[in-house]
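Engineer: Input structure: data.csv, which contains CSV, C-alpha atoms.
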```csv
chain,number,residue,atom,x,y,z
A,1,MET,CA,-197.0,7.2,35.9
A,2,VAL,CA,-194.9,4.6,37.8
A,3,ILE,CA,-191.6,5.9,39.1
A,4,GLY,CA,-188.9,3.6,40.4
A,5,LEU,CA,-186.6,4.9,43.1
A,6,VAL,CA,-183.1,3.3,43.6
A,7,ILE,CA,-181.7,4.2,47.1
A,8,ALA,CA,-178.2,2.9,47.8
A,9,ILE,CA,-178.0,2.6,51.6
A,10,GLU,CA,-180.2,2.5,54.8
A,11,ARG,CA,-179.2,6.0,55.9
A,12,GLU,CA,-180.3,7.4,52.6
A,13,LEU,CA,-183.5,5.3,52.7
A,14,LYS,CA,-184.4,7.0,56.0
A,15,ALA,CA,-185.0,10.3,54.1
A,16,PHE,CA,-187.6,8.7,51.8
A,17,LEU,CA,-189.3,6.8,54.6
A,18,ALA,CA,-189.6,10.0,56.7
A,19,GLU,CA,-190.8,12.3,53.9
A,20,GLY,CA,-192.3,10.1,51.3
A,21,GLY,CA,-195.8,10.1,52.8
A,22,ASP,CA,-197.8,6.9,53.6
A,23,VAL,CA,-195.2,4.3,52.6
A,24,LYS,CA,-196.1,0.6,52.5
A,25,THR,CA,-193.6,-2.2,52.5
A,26,VAL,CA,-194.1,-5.1,50.0
A,27,THR,CA,-192.1,-8.2,49.3
A,28,VAL,CA,-191.5,-9.3,45.7
A,29,GLY,CA,-189.5,-12.5,45.4
A,30,ARG,CA,-186.6,-12.0,47.7
A,31,ARG,CA,-186.7,-8.2,47.6
A,32,GLU,CA,-188.3,-5.7,49.9
A,33,ALA,CA,-189.8,-2.7,48.2
A,34,TYR,CA,-191.5,0.4,49.4
A,35,ARG,CA,-194.6,1.9,47.7
A,36,THR,CA,-196.3,5.2,48.1
A,37,THR,CA,-198.1,7.8,46.0
A,38,ILE,CA,-196.9,11.3,45.3
A,39,ASN,CA,-198.9,13.8,43.2
A,40,GLY,CA,-201.0,10.9,41.8
A,41,HIS,CA,-197.9,8.9,40.7
A,42,GLU,CA,-197.0,5.5,42.1
A,43,ILE,CA,-193.6,5.5,43.6
A,44,CYS,CA,-191.8,2.1,44.0
A,45,ALA,CA,-188.5,2.3,45.9
A,46,VAL,CA,-185.8,-0.3,46.7
A,47,ARG,CA,-182.6,-0.1,48.8
A,48,SER,CA,-180.0,-1.5,46.4
A,49,GLY,CA,-176.9,-1.6,48.5
A,50,TRP,CA,-173.4,-0.2,47.7
A,51,GLY,CA,-171.9,-0.3,44.2
A,52,GLU,CA,-172.7,-0.6,40.5
A,53,ILE,CA,-173.6,-4.3,40.5
A,54,ASP,CA,-176.2,-4.0,43.3
A,55,ALA,CA,-177.5,-0.8,41.7
A,56,ALA,CA,-177.9,-2.5,38.3
A,57,SER,CA,-179.8,-5.4,39.9
A,58,ALA,CA,-182.1,-3.0,41.8
A,59,THR,CA,-182.8,-0.9,38.7
A,60,GLN,CA,-183.7,-4.0,36.6
A,61,PHE,CA,-185.8,-5.3,39.4
A,62,LEU,CA,-187.9,-2.1,39.6
A,63,ILE,CA,-188.4,-2.0,35.8
A,64,THR,CA,-189.3,-5.7,35.6
A,65,ALA,CA,-191.5,-6.0,38.7
A,66,PHE,CA,-193.3,-2.6,38.5
A,67,ASP,CA,-193.1,-1.6,34.8
A,68,CYS,CA,-191.6,1.7,35.7
A,69,ASP,CA,-191.8,4.7,33.3
A,70,VAL,CA,-188.9,6.5,35.0
A,71,VAL,CA,-186.1,5.4,37.4
A,72,MET,CA,-184.8,8.0,39.8
A,73,ASN,CA,-182.1,8.1,42.4
A,74,PHE,CA,-181.0,10.4,45.2
A,75,GLY,CA,-178.2,10.3,47.7
A,76,VAL,CA,-174.8,11.7,48.6
A,77,ALA,CA,-171.6,12.0,46.7
A,78,GLY,CA,-168.0,13.0,47.1
A,79,ALA,CA,-166.5,16.2,45.7
A,80,LEU,CA,-163.8,15.9,43.1
A,81,ARG,CA,-162.9,19.6,43.0
A,82,ARG,CA,-161.9,22.2,45.5
A,83,GLY,CA,-164.5,24.8,46.3
A,84,LEU,CA,-167.4,22.4,46.5
A,85,ALA,CA,-169.0,22.4,49.9
A,86,VAL,CA,-170.9,19.9,52.0
A,87,LYS,CA,-174.7,20.0,51.2
A,88,ASP,CA,-174.1,21.5,47.7
A,89,LEU,CA,-176.9,20.1,45.5
A,90,PHE,CA,-176.2,18.6,42.0
A,91,VAL,CA,-178.6,17.6,39.2
A,92,VAL,CA,-177.0,14.7,37.3
A,93,ARG,CA,-177.0,15.1,33.5
A,94,GLY,CA,-174.6,12.3,32.8
A,95,ALA,CA,-172.3,9.7,34.3
A,96,VAL,CA,-168.9,8.2,33.5
A,97,ASN,CA,-168.2,4.6,34.5
A,98,TYR,CA,-164.5,5.1,35.3
A,99,ASP,CA,-164.1,1.3,35.9
A,100,PHE,CA,-165.2,0.5,32.3
A,101,ASP,CA,-162.6,0.5,29.5
A,102,THR,CA,-162.4,-1.5,26.2
A,103,SER,CA,-160.4,1.1,24.4
A,104,CYS,CA,-157.5,-1.4,23.8
A,105,ILE,CA,-159.7,-3.6,21.7
A,106,ASP,CA,-162.5,-1.3,20.4
A,107,ASP,CA,-162.6,2.0,18.5
A,108,VAL,CA,-163.7,3.9,21.6
A,109,GLU,CA,-162.1,6.3,24.2
A,110,PRO,CA,-161.5,5.0,27.7
A,111,HIS,CA,-164.7,4.5,29.7
A,112,GLN,CA,-166.9,4.9,26.5
A,113,TYR,CA,-169.6,2.5,25.6
A,114,MET,CA,-170.0,1.9,21.9
A,115,GLU,CA,-173.6,3.3,21.9
A,116,TYR,CA,-172.6,6.8,23.0
A,117,PRO,CA,-170.5,9.4,21.2
A,118,ASP,CA,-168.2,9.8,24.2
A,119,ALA,CA,-167.7,8.4,27.8
A,120,VAL,CA,-170.8,10.1,29.2
A,121,ILE,CA,-173.9,8.0,29.8
A,122,PRO,CA,-176.7,10.6,29.5
A,123,LEU,CA,-179.6,11.0,31.9
A,124,ASP,CA,-183.0,12.5,31.1
A,125,GLU,CA,-182.5,16.1,30.1
A,126,GLY,CA,-186.2,17.2,30.5
A,127,LEU,CA,-186.2,16.2,34.2
A,128,ALA,CA,-182.8,17.9,34.7
A,129,LYS,CA,-184.2,21.1,33.3
A,130,LEU,CA,-187.2,20.9,35.5
A,131,ALA,CA,-185.0,20.3,38.6
A,132,LEU,CA,-182.8,23.3,37.7
A,133,THR,CA,-185.9,25.5,37.2
A,134,LEU,CA,-187.2,24.5,40.6
A,135,ARG,CA,-183.8,24.9,42.3
A,136,PRO,CA,-181.6,27.4,40.4
A,137,ASP,CA,-179.0,27.0,43.1
A,138,ALA,CA,-178.4,23.4,42.2
A,139,LYS,CA,-175.5,22.6,39.8
A,140,PRO,CA,-175.8,20.5,36.7
A,141,THR,CA,-173.0,17.9,36.7
A,142,VAL,CA,-171.5,14.7,35.3
A,143,VAL,CA,-170.7,12.1,37.9
A,144,ALA,CA,-167.7,9.8,38.0
A,145,SER,CA,-169.2,6.5,39.0
A,146,GLY,CA,-167.5,3.3,40.0
A,147,GLU,CA,-167.0,0.6,42.5
A,148,ARG,CA,-164.8,2.4,45.1
A,149,PHE,CA,-165.2,5.0,47.7
A,150,ILE,CA,-162.7,7.7,46.7
A,151,GLU,CA,-160.5,9.4,49.3
A,152,ASP,CA,-157.1,9.9,47.6
A,153,PRO,CA,-156.8,13.6,46.4
A,154,GLU,CA,-154.7,12.5,43.4
A,155,GLU,CA,-157.4,10.0,42.3
A,156,LYS,CA,-160.1,12.8,42.8
A,157,THR,CA,-158.1,15.1,40.5
A,158,ALA,CA,-157.8,12.3,37.9
A,159,LEU,CA,-161.5,11.7,37.9
A,160,ALA,CA,-162.2,15.4,37.7
A,161,SER,CA,-160.1,15.4,34.5
A,162,LEU,CA,-162.9,13.3,32.9
A,163,GLY,CA,-165.2,16.3,33.2
A,164,CYS,CA,-166.8,15.2,36.4
A,165,ASP,CA,-167.4,17.3,39.6
A,166,ILE,CA,-168.5,14.5,42.0
A,167,CYS,CA,-168.3,10.8,42.4
A,168,ASP,CA,-170.6,8.0,43.5
A,169,MET,CA,-170.9,4.2,43.3
A,170,GLU,CA,-174.3,3.7,41.6
A,171,ILE,CA,-175.5,6.2,39.0
A,172,ALA,CA,-173.6,4.8,36.0
A,173,ALA,CA,-175.3,1.5,36.5
A,174,ILE,CA,-178.7,3.0,37.0
A,175,ALA,CA,-178.5,5.2,33.9
A,176,ARG,CA,-177.1,2.3,31.7
A,177,VAL,CA,-179.7,-0.2,32.7
A,178,ALA,CA,-182.5,2.3,32.3
A,179,GLU,CA,-181.3,3.2,28.9
A,180,ARG,CA,-181.1,-0.5,27.8
A,181,ASN,CA,-184.7,-0.8,28.9
A,182,GLY,CA,-185.9,2.3,27.1
A,183,VAL,CA,-186.7,3.9,30.5
A,184,ARG,CA,-185.7,7.5,31.5
A,185,ALA,CA,-183.2,8.0,34.4
A,186,PHE,CA,-182.7,10.9,36.7
A,187,SER,CA,-180.6,11.6,39.8
A,188,VAL,CA,-180.1,14.3,42.5
A,189,LYS,CA,-176.9,14.2,44.6
A,190,CYS,CA,-175.7,16.2,47.6
A,191,ILE,CA,-172.1,16.4,48.7
A,192,SER,CA,-171.2,14.6,51.9
A,193,ASP,CA,-167.4,14.8,51.7
A,194,THR,CA,-165.4,17.6,50.1
A,195,PHE,CA,-162.2,17.4,48.1
A,196,ASP,CA,-160.2,17.3,51.3
A,197,GLY,CA,-162.8,15.1,53.1
A,198,ASP,CA,-162.8,11.4,53.8
A,199,GLY,CA,-164.9,8.5,55.0
A,200,GLY,CA,-165.4,10.2,58.3
A,201,ASP,CA,-167.0,13.2,56.7
A,202,PHE,CA,-169.2,10.9,54.7
A,203,GLN,CA,-170.4,9.2,58.0
A,204,LYS,CA,-171.0,12.5,59.6
A,205,ASN,CA,-173.0,14.1,56.7
A,206,VAL,CA,-174.7,11.3,54.9
A,207,GLU,CA,-178.1,11.5,56.6
A,208,ALA,CA,-178.5,15.3,56.3
A,209,GLY,CA,-177.2,15.2,52.7
A,210,ALA,CA,-179.8,12.6,51.8
A,211,VAL,CA,-182.6,14.6,53.4
A,212,LYS,CA,-181.6,17.6,51.3
A,213,ALA,CA,-181.3,15.6,48.1
A,214,PHE,CA,-184.7,13.9,48.6
A,215,GLY,CA,-186.2,17.3,49.2
A,216,LEU,CA,-185.4,18.4,45.7
A,217,LEU,CA,-186.4,15.0,44.2
A,218,ARG,CA,-189.8,15.3,46.0
A,219,ASP,CA,-190.3,18.8,44.5
A,220,ILE,CA,-189.7,17.3,41.1
A,221,LEU,CA,-192.3,14.6,41.7
A,222,LEU,CA,-194.8,17.3,42.7
A,223,HIS,CA,-194.1,19.1,39.3
A,224,ILE,CA,-193.2,16.2,37.0
A,225,ASP,CA,-196.4,16.7,34.9
A,226,ASP,CA,-194.9,20.0,33.9
A,227,THR,CA,-192.1,18.2,32.0
A,228,PRO,CA,-192.9,18.4,28.3
A,229,GLU,CA,-190.9,15.1,27.5
A,230,LEU,CA,-193.2,13.2,29.9
```
For this file, write the structure as structure tokens.

Structural biologist:
Amino acid sequence: MVIGLVIAIERELKAFLAEGGDVKTVTVGRREAYRTTINGHEICAVRSGWGEIDAASATQFLITAFDCDVVMNFGVAGALRRGLAVKDLFVVRGAVNYDFDTSCIDDVEPHQYMEYPDAVIPLDEGLAKLALTLRPDAKPTVVASGERFIEDPEEKTALASLGCDICDMEIAAIARVAERNGVRAFSVKCISDTFDGDGGDFQKNVEAGAVKAFGLLRDILLHIDDTPEL
């Protein structure tokens, strides 16, 4: 199995390079990718950069260049609700692109793509169940995903009203592009900044959060053959 891994930023990439085993760097076109093997499966990783556009580009690159069967993601996220703590782990079951809205011209709800019954872009349920079996302390979640780092408490509350617990800047694009290619998508997130936190908390916690998130993702890679859907 070939597994693509989209990693947003350099400080999250460090976790993969440190714990991913014998990682080799390859250049494909103008992109640098990282390749290793875990549990007999080929892992092809790329650092996408911030935001949905870069994440979409990286996801399509992995699928096209390496013919990935699954695209995965790990990293940190911000809390949208009080009571969630730094280093809490989340298994992503769906994402809402809060910057997308054609409801004024289409028969859809705000943030909903026509292909889906509601605003949630689904991720692979089989891998989510495996993750929650391996780490029962992790929380299943829907992520509010868009192009902005969210600090304002009122905006956090508004995004939570969409049924989301955490926010990021990549997973909606990863899930959407994977689905359009008939490829499964999966993501693990770890909180870096709480409801009352800000960019300073993100800067302080991003590396430790990425290490914890990749730890769960690596466990999944070691048990991925136990997933019936795969």

Engineer: Would you compute the distance between atom CA of Ala45 of chain A and atom CA of Tyr116 of chain A? Give it in Å to one decimal.

Structural biologist: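 Interatomic distance here is 28.2 Å.
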
Engineer: Which one of A:Tyr34, A:Phe66, A:Phe90, A:Trp50 sits closest to Phe214 of chain A if you count only C-alpha atoms?

Structural biologist: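 Ranking A:Tyr34, A:Phe66, A:Phe90, A:Trp50 by distance to Phe214 of chain A, first place goes to A:Phe90.
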
Engineer: Near Leu216 of chain A, within 12 Å and counting only C-alpha atoms, which residues show up once chain neighbours fewer than 6 positions away are dropped, as a PyMOL selection string?

Structural biologist: chain A and resi 15-16+19+72-75+88-91+127-128+130-138+187-190+209-210+222-224

Engineer: Nearest residue to Arg148 of chain A out of A:Lys212, A:Val206, A:Arg47, A:Ala77, using only C-alpha atoms?

Structural biologist: A:Ala77

Engineer: From the options A:Val28, A:Leu80, A:Ala65, A:Ile9, which residue's atoms come nearest to Ala158 of chain A, counting all atoms listed in the file?

Structural biologist: A:Leu80

Engineer: Neighbouring residues of Ile171 of chain A were defined as those with any atom within 8 Å, considering only C-alpha atoms; residues of the same chain fewer than 2 positions away were excluded. Please report them as JSON, numbers by chain.

Structural biologist: {"A": [52, 55, 73, 95, 143, 145, 168, 169, 173, 174, 175, 187]}

Engineer: Pull the neighbourhood of (-168.4, 9.4, 52.7) for me: all residues within 10 Å in file coordinates, counting all atoms listed in the file, as a list in words.

Structural biologist: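 Those residues, ordered by chain and then number, are Val76, Ala77, Gly78, Ala79, Phe149, Ile150, Glu151, Asp168, Ile191, Ser192, Asp193, Thr194, Gly197, Asp198, Gly199, Gly200, Asp201, Phe202, Gln203, Lys204, Asn205 and Val206 of chain A.
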
Engineer: Find the residues around Phe195 of chain A up to 10 Å (only C-alpha atoms counted), leave out those fewer than 6 positions away in its own chain, and share them as a ChimeraX atom specification.

Structural biologist: /A:78-86,150-153,156-157,165-166

Engineer: Compare A:Ile3, A:Leu123, A:Asn181, A:Asp54 by their minimum atom-to-atom distance to Arg93 of chain A, counting all atoms listed in the file, and give me the closest one.

Structural biologist: A:Leu123

Engineer: Grab the atom CA of Gly182 of chain A to atom CA of His41 of chain A distance for me, in Å with one decimal place.

Structural biologist: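 Computing the Euclidean distance for atom CA of Gly182 of chain A and atom CA of His41 of chain A yields 19.3 Å.
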
Engineer: Could you please determine the separation between atom CA of Ala33 of chain A and atom CA of Val46 of chain A in Å, to one decimal place?

Structural biologist: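 So the answer is 4.9 Å.
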
Engineer: Pick from A:Ile121, A:Leu17, A:Val183, A:Val211: nearest to Asp69 of chain A, with all atoms listed in the file counted?

Structural biologist: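 Using all atoms listed in the file, the shortest distance to Asp69 of chain A belongs to A:Val183.
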
Engineer: With only C-alpha atoms as the atoms that count, which of A:Leu159, A:Val92, A:Met114, A:Ala172 lies nearest to Ile53 of chain A?

Structural biologist: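 Distance minimum relative to Ile53 of chain A lands on A:Ala172.
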
Engineer: Write segment 87-109 of chain A as a PDB file, in the coordinates of the input, completed to N, CA and C atoms.

Structural biologist:
```pdb
ATOM      1  N   LYS A  87    -173.257  19.654  51.421  1.00  0.00           N
ATOM      2  CA  LYS A  87    -174.700  20.000  51.200  1.00  0.00           C
ATOM      3  C   LYS A  87    -174.892  20.769  49.890  1.00  0.00           C
ATOM      4  N   ASP A  88    -173.858  20.993  49.061  1.00  0.00           N
ATOM      5  CA  ASP A  88    -174.100  21.500  47.700  1.00  0.00           C
ATOM      6  C   ASP A  88    -174.953  20.473  46.959  1.00  0.00           C
ATOM      7  N   LEU A  89    -175.960  20.955  46.218  1.00  0.00           N
ATOM      8  CA  LEU A  89    -176.900  20.100  45.500  1.00  0.00           C
ATOM      9  C   LEU A  89    -176.460  20.011  44.008  1.00  0.00           C
ATOM     10  N   PHE A  90    -176.592  18.818  43.421  1.00  0.00           N
ATOM     11  CA  PHE A  90    -176.200  18.600  42.000  1.00  0.00           C
ATOM     12  C   PHE A  90    -177.345  17.850  41.301  1.00  0.00           C
ATOM     13  N   VAL A  91    -177.642  18.297  40.088  1.00  0.00           N
ATOM     14  CA  VAL A  91    -178.600  17.600  39.200  1.00  0.00           C
ATOM     15  C   VAL A  91    -177.725  16.867  38.164  1.00  0.00           C
ATOM     16  N   VAL A  92    -177.893  15.565  38.091  1.00  0.00           N
ATOM     17  CA  VAL A  92    -177.000  14.700  37.300  1.00  0.00           C
ATOM     18  C   VAL A  92    -177.513  14.694  35.828  1.00  0.00           C
ATOM     19  N   ARG A  93    -176.678  15.171  34.922  1.00  0.00           N
ATOM     20  CA  ARG A  93    -177.000  15.100  33.500  1.00  0.00           C
ATOM     21  C   ARG A  93    -176.310  13.966  32.792  1.00  0.00           C
ATOM     22  N   GLY A  94    -175.285  13.406  33.421  1.00  0.00           N
ATOM     23  CA  GLY A  94    -174.600  12.300  32.800  1.00  0.00           C
ATOM     24  C   GLY A  94    -173.666  11.630  33.812  1.00  0.00           C
ATOM     25  N   ALA A  95    -173.214  10.423  33.459  1.00  0.00           N
ATOM     26  CA  ALA A  95    -172.300   9.700  34.300  1.00  0.00           C
ATOM     27  C   ALA A  95    -171.231   9.007  33.495  1.00  0.00           C
ATOM     28  N   VAL A  96    -170.042   8.899  34.078  1.00  0.00           N
ATOM     29  CA  VAL A  96    -168.900   8.200  33.500  1.00  0.00           C
ATOM     30  C   VAL A  96    -168.570   7.001  34.341  1.00  0.00           C
ATOM     31  N   ASN A  97    -168.645   5.819  33.778  1.00  0.00           N
ATOM     32  CA  ASN A  97    -168.200   4.600  34.500  1.00  0.00           C
ATOM     33  C   ASN A  97    -166.712   4.503  34.385  1.00  0.00           C
ATOM     34  N   TYR A  98    -166.002   5.004  35.395  1.00  0.00           N
ATOM     35  CA  TYR A  98    -164.500   5.100  35.300  1.00  0.00           C
ATOM     36  C   TYR A  98    -163.884   3.700  35.418  1.00  0.00           C
ATOM     37  N   ASP A  99    -164.630   2.671  35.794  1.00  0.00           N
ATOM     38  CA  ASP A  99    -164.100   1.300  35.900  1.00  0.00           C
ATOM     39  C   ASP A  99    -164.243   0.558  34.532  1.00  0.00           C
ATOM     40  N   PHE A 100    -164.937   1.158  33.563  1.00  0.00           N
ATOM     41  CA  PHE A 100    -165.200   0.500  32.300  1.00  0.00           C
ATOM     42  C   PHE A 100    -164.193   1.005  31.224  1.00  0.00           C
ATOM     43  N   ASP A 101    -163.527   0.090  30.511  1.00  0.00           N
ATOM     44  CA  ASP A 101    -162.600   0.500  29.500  1.00  0.00           C
ATOM     45  C   ASP A 101    -162.269  -0.630  28.529  1.00  0.00           C
ATOM     46  N   THR A 102    -162.761  -0.520  27.292  1.00  0.00           N
ATOM     47  CA  THR A 102    -162.400  -1.500  26.200  1.00  0.00           C
ATOM     48  C   THR A 102    -161.649  -0.828  25.112  1.00  0.00           C
ATOM     49  N   SER A 103    -161.029   0.317  25.413  1.00  0.00           N
ATOM     50  CA  SER A 103    -160.400   1.100  24.400  1.00  0.00           C
ATOM     51  C   SER A 103    -159.174   0.367  23.727  1.00  0.00           C
ATOM     52  N   CYS A 104    -158.636  -0.632  24.419  1.00  0.00           N
ATOM     53  CA  CYS A 104    -157.500  -1.400  23.800  1.00  0.00           C
ATOM     54  C   CYS A 104    -157.954  -2.343  22.757  1.00  0.00           C
ATOM     55  N   ILE A 105    -159.251  -2.659  22.685  1.00  0.00           N
ATOM     56  CA  ILE A 105    -159.700  -3.600  21.700  1.00  0.00           C
ATOM     57  C   ILE A 105    -160.839  -3.029  20.788  1.00  0.00           C
ATOM     58  N   ASP A 106    -161.465  -1.938  21.213  1.00  0.00           N
ATOM     59  CA  ASP A 106    -162.500  -1.300  20.400  1.00  0.00           C
ATOM     60  C   ASP A 106    -162.168   0.095  20.039  1.00  0.00           C
ATOM     61  N   ASP A 107    -162.841   0.600  19.019  1.00  0.00           N
ATOM     62  CA  ASP A 107    -162.600   2.000  18.500  1.00  0.00           C
ATOM     63  C   ASP A 107    -163.374   2.952  19.384  1.00  0.00           C
ATOM     64  N   VAL A 108    -163.005   3.051  20.654  1.00  0.00           N
ATOM     65  CA  VAL A 108    -163.700   3.900  21.600  1.00  0.00           C
ATOM     66  C   VAL A 108    -162.592   4.593  22.478  1.00  0.00           C
ATOM     67  N   GLU A 109    -163.004   5.659  23.153  1.00  0.00           N
ATOM     68  CA  GLU A 109    -162.100   6.300  24.200  1.00  0.00           C
ATOM     69  C   GLU A 109    -162.257   5.489  25.474  1.00  0.00           C
TER      70      GLU A 109
END
```
